[in-house]
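Following: one structure in structure tokens, then a few remarks.
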Amino acid sequence: MLICQRANHLLTDWKEAQQYCPSNGIINSPPAIIRWEKPQRGRFKCNIDVAFSHNKVDFGACIRDEMGNFIVARTKWFSPCTDVVIGEALGLLKALNWVHDMGYDNMDFELDAKRVVDSVTILRPNDSDLGAITGECNRLIALFFRNSHVKFVRRQANEVAHALARVAPLMASFHNFYDIPTCIRNIIINEMS
């Protein structure tokens, strides 16, 4: 049953990401970035992703500077497992808290979950679980990240975070990397060229 729910949510997310029809009343985001891009001068970028395994949500995030240089990364897993959209929203919330705890600002947060990004960037009442989580994300953004943005990117532009999320269950509950972990070294080198 859980697998069917996840597949249904993934299909829904994919369909929503494919829609681009201004005449139907949907507020459209700018076109999604397909390849990882360096942040603008004086800014940082935090890529975020989650994966699902063994009744856990696996989280990965990586911060890079304006030159594309690795700054720090984090992996974490938590349970119980949730549906895809809630897991992605919790990933964003965990990243916001982590980045705030480290004292960073001027941060571009990127993730490949369009429904989550839309829920954060298109402000409208939402009393669902997703609305509660993204409401907390918006509260943190308003308090601590006034010069920061949350953006949707395609999976191809989020490979580092995706690779980190896949190795999260192999680590302790959370792990900070201050040197580039081997699982993302080649991806970062390719993206910097």
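Residue numbers start at 1 in each chain; chains themselves are named A, B, ... in the order of the structure tokens; ligands are numbered from 1 in the order shown.
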Please identify all polymer residues within 10 Å of stretch 55-58 of chain A, counting only C-alpha atoms, omitting same-chain residues fewer than 2 positions from it, and present them as a ChimeraX atom specification.
/A:2,49-53,60,75-84,86-88,90-91,162,164-170,173-174
Create the file for the chosen residues now, containing C-alpha atoms and written as a compact mmCIF listing (two decimals), in the first residue's frame.
# COMPACT_ATOMS: atom_id res chain seq x y z
CA LEU A 2 2.78 2.45 0.95
CA ASP A 49 17.15 15.99 -1.58
CA VAL A 50 15.58 13.05 0.18
CA ALA A 51 15.36 9.36 -0.64
CA PHE A 52 13.34 6.58 0.95
CA SER A 53 14.67 3.27 2.25
CA GLY A 60 21.21 14.92 1.95
CA THR A 75 23.36 13.48 5.67
CA LYS A 76 20.63 12.43 8.05
CA TRP A 77 17.92 9.84 8.22
CA PHE A 78 14.74 9.86 10.21
CA SER A 79 11.69 7.69 10.66
CA PRO A 80 8.94 6.83 10.29
CA CYS A 81 8.78 6.92 6.55
CA THR A 82 6.36 9.47 5.07
CA ASP A 83 4.91 10.07 1.66
CA VAL A 84 7.19 11.70 -0.90
CA ILE A 86 5.99 15.35 3.15
CA GLY A 87 9.48 13.81 3.15
CA GLU A 88 10.74 16.46 0.71
CA LEU A 90 10.74 17.88 5.96
CA GLY A 91 14.07 17.81 4.08
CA HIS A 162 20.62 13.05 -4.38
CA LEU A 164 24.18 12.27 -0.37
CA ALA A 165 20.61 11.19 0.39
CA ARG A 166 21.35 7.72 -1.02
CA VAL A 167 24.31 7.22 1.36
CA ALA A 168 22.51 8.68 4.41
CA PRO A 169 21.25 5.30 5.70
CA LEU A 170 24.86 4.04 5.78
CA SER A 173 21.62 9.38 12.27
CA PHE A 174 23.33 12.55 11.06
Determine, counting only C-alpha atoms, which protein, DNA and RNA residues have an atom within 8 Å of an atom of A:Ser148; residues of the same chain fewer than 4 positions away are not included. Present the result as an MDAnalysis selection string.
chainID A and resid 105:109 141
Set the distance at 12 Å and use only C-alpha atoms: which residues neighbour A:Arg139 once local chain neighbours fewer than 4 positions away are removed? I'd like the list as number ranges by chain.
A: 93, 96-97, 120, 123, 131-135, 143-146
Now that the selection is made, can you save its residues with all heavy atoms as a CSV table (one decimal), in the first residue's frame?
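Output (part_14.csv):
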chain,number,residue,atom,x,y,z
A,93,LEU,N,12.9,21.7,5.6
A,93,LEU,CA,12.8,22.3,6.9
A,93,LEU,C,14.1,21.9,7.7
A,93,LEU,O,14.7,22.8,8.4
A,93,LEU,CB,11.6,21.7,7.7
A,93,LEU,CG,11.4,22.2,9.1
A,93,LEU,CD1,11.3,23.7,9.2
A,93,LEU,CD2,10.2,21.5,9.7
A,96,LEU,N,16.9,24.2,6.3
A,96,LEU,CA,16.8,25.5,6.9
A,96,LEU,C,17.3,25.6,8.3
A,96,LEU,O,18.1,26.6,8.6
A,96,LEU,CB,15.3,26.0,6.8
A,96,LEU,CG,14.8,26.3,5.4
A,96,LEU,CD1,13.2,26.4,5.5
A,96,LEU,CD2,15.4,27.5,4.8
A,97,ASN,N,16.9,24.7,9.1
A,97,ASN,CA,17.4,24.7,10.5
A,97,ASN,C,18.9,24.5,10.6
A,97,ASN,O,19.6,25.2,11.3
A,97,ASN,CB,16.7,23.6,11.3
A,97,ASN,CG,15.3,24.0,11.7
A,97,ASN,OD1,15.1,25.1,12.3
A,97,ASN,ND2,14.3,23.2,11.5
A,120,VAL,N,6.0,26.7,-0.8
A,120,VAL,CA,6.7,27.7,0.0
A,120,VAL,C,6.7,29.1,-0.7
A,120,VAL,O,6.5,30.1,-0.1
A,120,VAL,CB,8.2,27.2,0.1
A,120,VAL,CG1,9.1,28.4,0.7
A,120,VAL,CG2,8.3,26.0,1.0
A,123,LEU,N,2.2,31.7,-1.8
A,123,LEU,CA,1.6,31.8,-0.4
A,123,LEU,C,0.1,31.8,-0.6
A,123,LEU,O,-0.5,32.7,-1.2
A,123,LEU,CB,2.0,33.0,0.3
A,123,LEU,CG,3.6,33.2,0.5
A,123,LEU,CD1,3.9,34.5,1.2
A,123,LEU,CD2,4.1,32.0,1.3
A,131,GLY,N,1.1,22.0,4.3
A,131,GLY,CA,1.0,23.4,4.6
A,131,GLY,C,1.6,23.7,6.0
A,131,GLY,O,2.2,24.8,6.1
A,132,ALA,N,1.5,22.8,7.0
A,132,ALA,CA,2.1,23.1,8.3
A,132,ALA,C,3.6,23.1,8.2
A,132,ALA,O,4.2,24.0,8.8
A,132,ALA,CB,1.6,22.0,9.3
A,133,ILE,N,4.2,22.2,7.4
A,133,ILE,CA,5.6,22.1,7.3
A,133,ILE,C,6.1,23.3,6.5
A,133,ILE,O,7.1,23.9,6.9
A,133,ILE,CB,6.1,20.8,6.7
A,133,ILE,CG1,5.7,19.6,7.6
A,133,ILE,CG2,7.6,20.8,6.4
A,133,ILE,CD1,5.7,18.2,6.9
A,134,THR,N,5.5,23.6,5.4
A,134,THR,CA,6.0,24.7,4.6
A,134,THR,C,5.7,26.0,5.3
A,134,THR,O,6.4,27.0,5.1
A,134,THR,CB,5.5,24.7,3.2
A,134,THR,OG1,4.0,24.7,3.2
A,134,THR,CG2,6.0,23.5,2.4
A,135,GLY,N,4.7,26.1,6.1
A,135,GLY,CA,4.4,27.3,6.9
A,135,GLY,C,5.6,27.5,7.9
A,135,GLY,O,6.0,28.7,8.0
A,143,LEU,N,12.3,35.0,9.2
A,143,LEU,CA,13.1,35.4,10.4
A,143,LEU,C,14.6,35.5,10.1
A,143,LEU,O,15.3,36.4,10.6
A,143,LEU,CB,12.9,34.4,11.5
A,143,LEU,CG,11.6,34.5,12.3
A,143,LEU,CD1,11.4,33.4,13.3
A,143,LEU,CD2,11.5,35.9,13.0
A,144,PHE,N,15.1,34.5,9.4
A,144,PHE,CA,16.5,34.3,9.3
A,144,PHE,C,17.1,34.4,7.9
A,144,PHE,O,18.3,34.5,7.7
A,144,PHE,CB,17.0,33.0,9.9
A,144,PHE,CG,16.5,32.8,11.3
A,144,PHE,CD1,15.6,31.8,11.6
A,144,PHE,CD2,16.9,33.6,12.3
A,144,PHE,CE1,15.1,31.6,12.9
A,144,PHE,CE2,16.4,33.5,13.6
A,144,PHE,CZ,15.5,32.4,13.9
A,145,PHE,N,16.3,34.3,6.8
A,145,PHE,CA,16.8,34.2,5.5
A,145,PHE,C,16.1,35.2,4.6
A,145,PHE,O,15.7,34.9,3.5
A,145,PHE,CB,16.6,32.8,4.9
A,145,PHE,CG,17.3,31.7,5.7
A,145,PHE,CD1,16.6,30.9,6.6
A,145,PHE,CD2,18.7,31.6,5.6
A,145,PHE,CE1,17.3,29.9,7.3
A,145,PHE,CE2,19.3,30.6,6.3
A,145,PHE,CZ,18.6,29.8,7.2
A,146,ARG,N,16.1,36.5,5.0
A,146,ARG,CA,15.4,37.5,4.2
A,146,ARG,C,16.1,37.7,2.8
A,146,ARG,O,15.4,38.2,1.9
A,146,ARG,CB,15.4,38.8,4.9
A,146,ARG,CG,14.5,38.8,6.2
A,146,ARG,CD,14.6,40.0,7.0
A,146,ARG,NE,13.9,39.9,8.2
A,146,ARG,CZ,12.7,40.3,8.4
A,146,ARG,NH1,12.1,41.0,7.5
A,146,ARG,NH2,12.1,40.1,9.6
Find the residues of stretch 20-90 of chain A that sit at most 9 Å from stretch 179-187 of chain A; for each, write down the nearest two atoms and how far apart they are in Å, to one decimal. Count only C-alpha atoms. Sort by chain, then by number going up, and give it as a tab-separated table.
residue	atom	partner	partner_atom	distance
A:Phe70	CA	A:Ile180	CA	6.6
A:Ile71	CA	A:Asp179	CA	7.9
A:Val72	CA	A:Asp179	CA	7.1
A:Ala73	CA	A:Ile180	CA	8.0
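Taking atom CA of A:Asn138 and atom CA of A:Ala172 as endpoints, the distance between them is 28.9 Å.
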What is the atom CA of A:Lys45 to atom CA of A:Asn126 distance in Å?
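Here the two named atoms are 27.6 Å from each other.
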Compare A:Arg64, A:Asn69, A:Ser119, A:Gly42 by their minimum atom-to-atom distance to A:Ser193, counting only C-alpha atoms, and give me the closest one.
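Residue with the minimum atom-to-atom distance to A:Ser193: A:Asn69.
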Which residues are close to A:Arg74, i.e. within 6 Å by only C-alpha atoms, leaving aside same-chain residues fewer than 2 positions away? Reply as a list in words.
Gly60, Ala61, His175 and Asn176 of chain A
Please run DSSP on the backbone and report, as a PyMOL selection string, all residues within stretch 25-98 of chain A that come out as strand (DSSP E).
chain A and resi 44-53+56-64+70-78
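Compared by their closest atoms to A:His149, and using only C-alpha atoms, the residues A:Met102, A:Ile34, A:Cys137, A:Ala161 rank with A:Cys137 nearest.
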Atomic separation - atom CA of A:Ala95 relative to atom CA of A:Glu136, Å
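Computing it gives 12.3 Å between the two atoms.
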Just list the residues in chain A DSSP gives alpha helix (DSSP H) on the backbone, as an NGL selection string.
:A and (2-18 or 84-102 or 114-121 or 129-144 or 159-167 or 182-192)
List as a list in words the protein and nucleic acid residues near A:Glu191, meaning an atom at most 10 Å away when only C-alpha atoms are counted, but skip any in the same chain fewer than 6 places from it.
Arg35, Trp36, Glu37, Lys38, Gly68, Ala157, Glu159 and Val160 of chain A
Generate a file of the selected residues that holds N, CA and C atoms, formatted as a PDB file, in the first residue's frame.
ATOM      1  N   ARG A  35      20.808  22.040 -15.351  1.00  0.00           N
ATOM      2  CA  ARG A  35      22.184  21.718 -14.983  1.00  0.00           C
ATOM      3  C   ARG A  35      22.544  22.574 -13.775  1.00  0.00           C
ATOM      4  N   TRP A  36      23.346  22.025 -12.848  1.00  0.00           N
ATOM      5  CA  TRP A  36      23.724  22.788 -11.664  1.00  0.00           C
ATOM      6  C   TRP A  36      24.478  24.041 -12.085  1.00  0.00           C
ATOM      7  N   GLU A  37      24.100  25.157 -11.489  1.00  0.00           N
ATOM      8  CA  GLU A  37      24.742  26.435 -11.785  1.00  0.00           C
ATOM      9  C   GLU A  37      25.297  27.035 -10.498  1.00  0.00           C
ATOM     10  N   LYS A  38      26.422  27.723 -10.618  1.00  0.00           N
ATOM     11  CA  LYS A  38      27.022  28.391  -9.462  1.00  0.00           C
ATOM     12  C   LYS A  38      26.093  29.497  -8.988  1.00  0.00           C
ATOM     13  N   GLY A  68      31.532  27.522  -6.770  1.00  0.00           N
ATOM     14  CA  GLY A  68      31.152  26.121  -6.865  1.00  0.00           C
ATOM     15  C   GLY A  68      31.934  25.239  -5.922  1.00  0.00           C
ATOM     16  N   ALA A 157      20.135  18.760 -11.972  1.00  0.00           N
ATOM     17  CA  ALA A 157      20.819  19.887 -11.330  1.00  0.00           C
ATOM     18  C   ALA A 157      20.945  19.680  -9.825  1.00  0.00           C
ATOM     19  N   GLU A 159      22.143  16.523  -8.434  1.00  0.00           N
ATOM     20  CA  GLU A 159      22.776  15.213  -8.292  1.00  0.00           C
ATOM     21  C   GLU A 159      23.569  15.054  -7.001  1.00  0.00           C
ATOM     22  N   VAL A 160      24.229  16.112  -6.555  1.00  0.00           N
ATOM     23  CA  VAL A 160      25.042  16.025  -5.337  1.00  0.00           C
ATOM     24  C   VAL A 160      24.158  15.687  -4.140  1.00  0.00           C
TER      25      VAL A 160
END
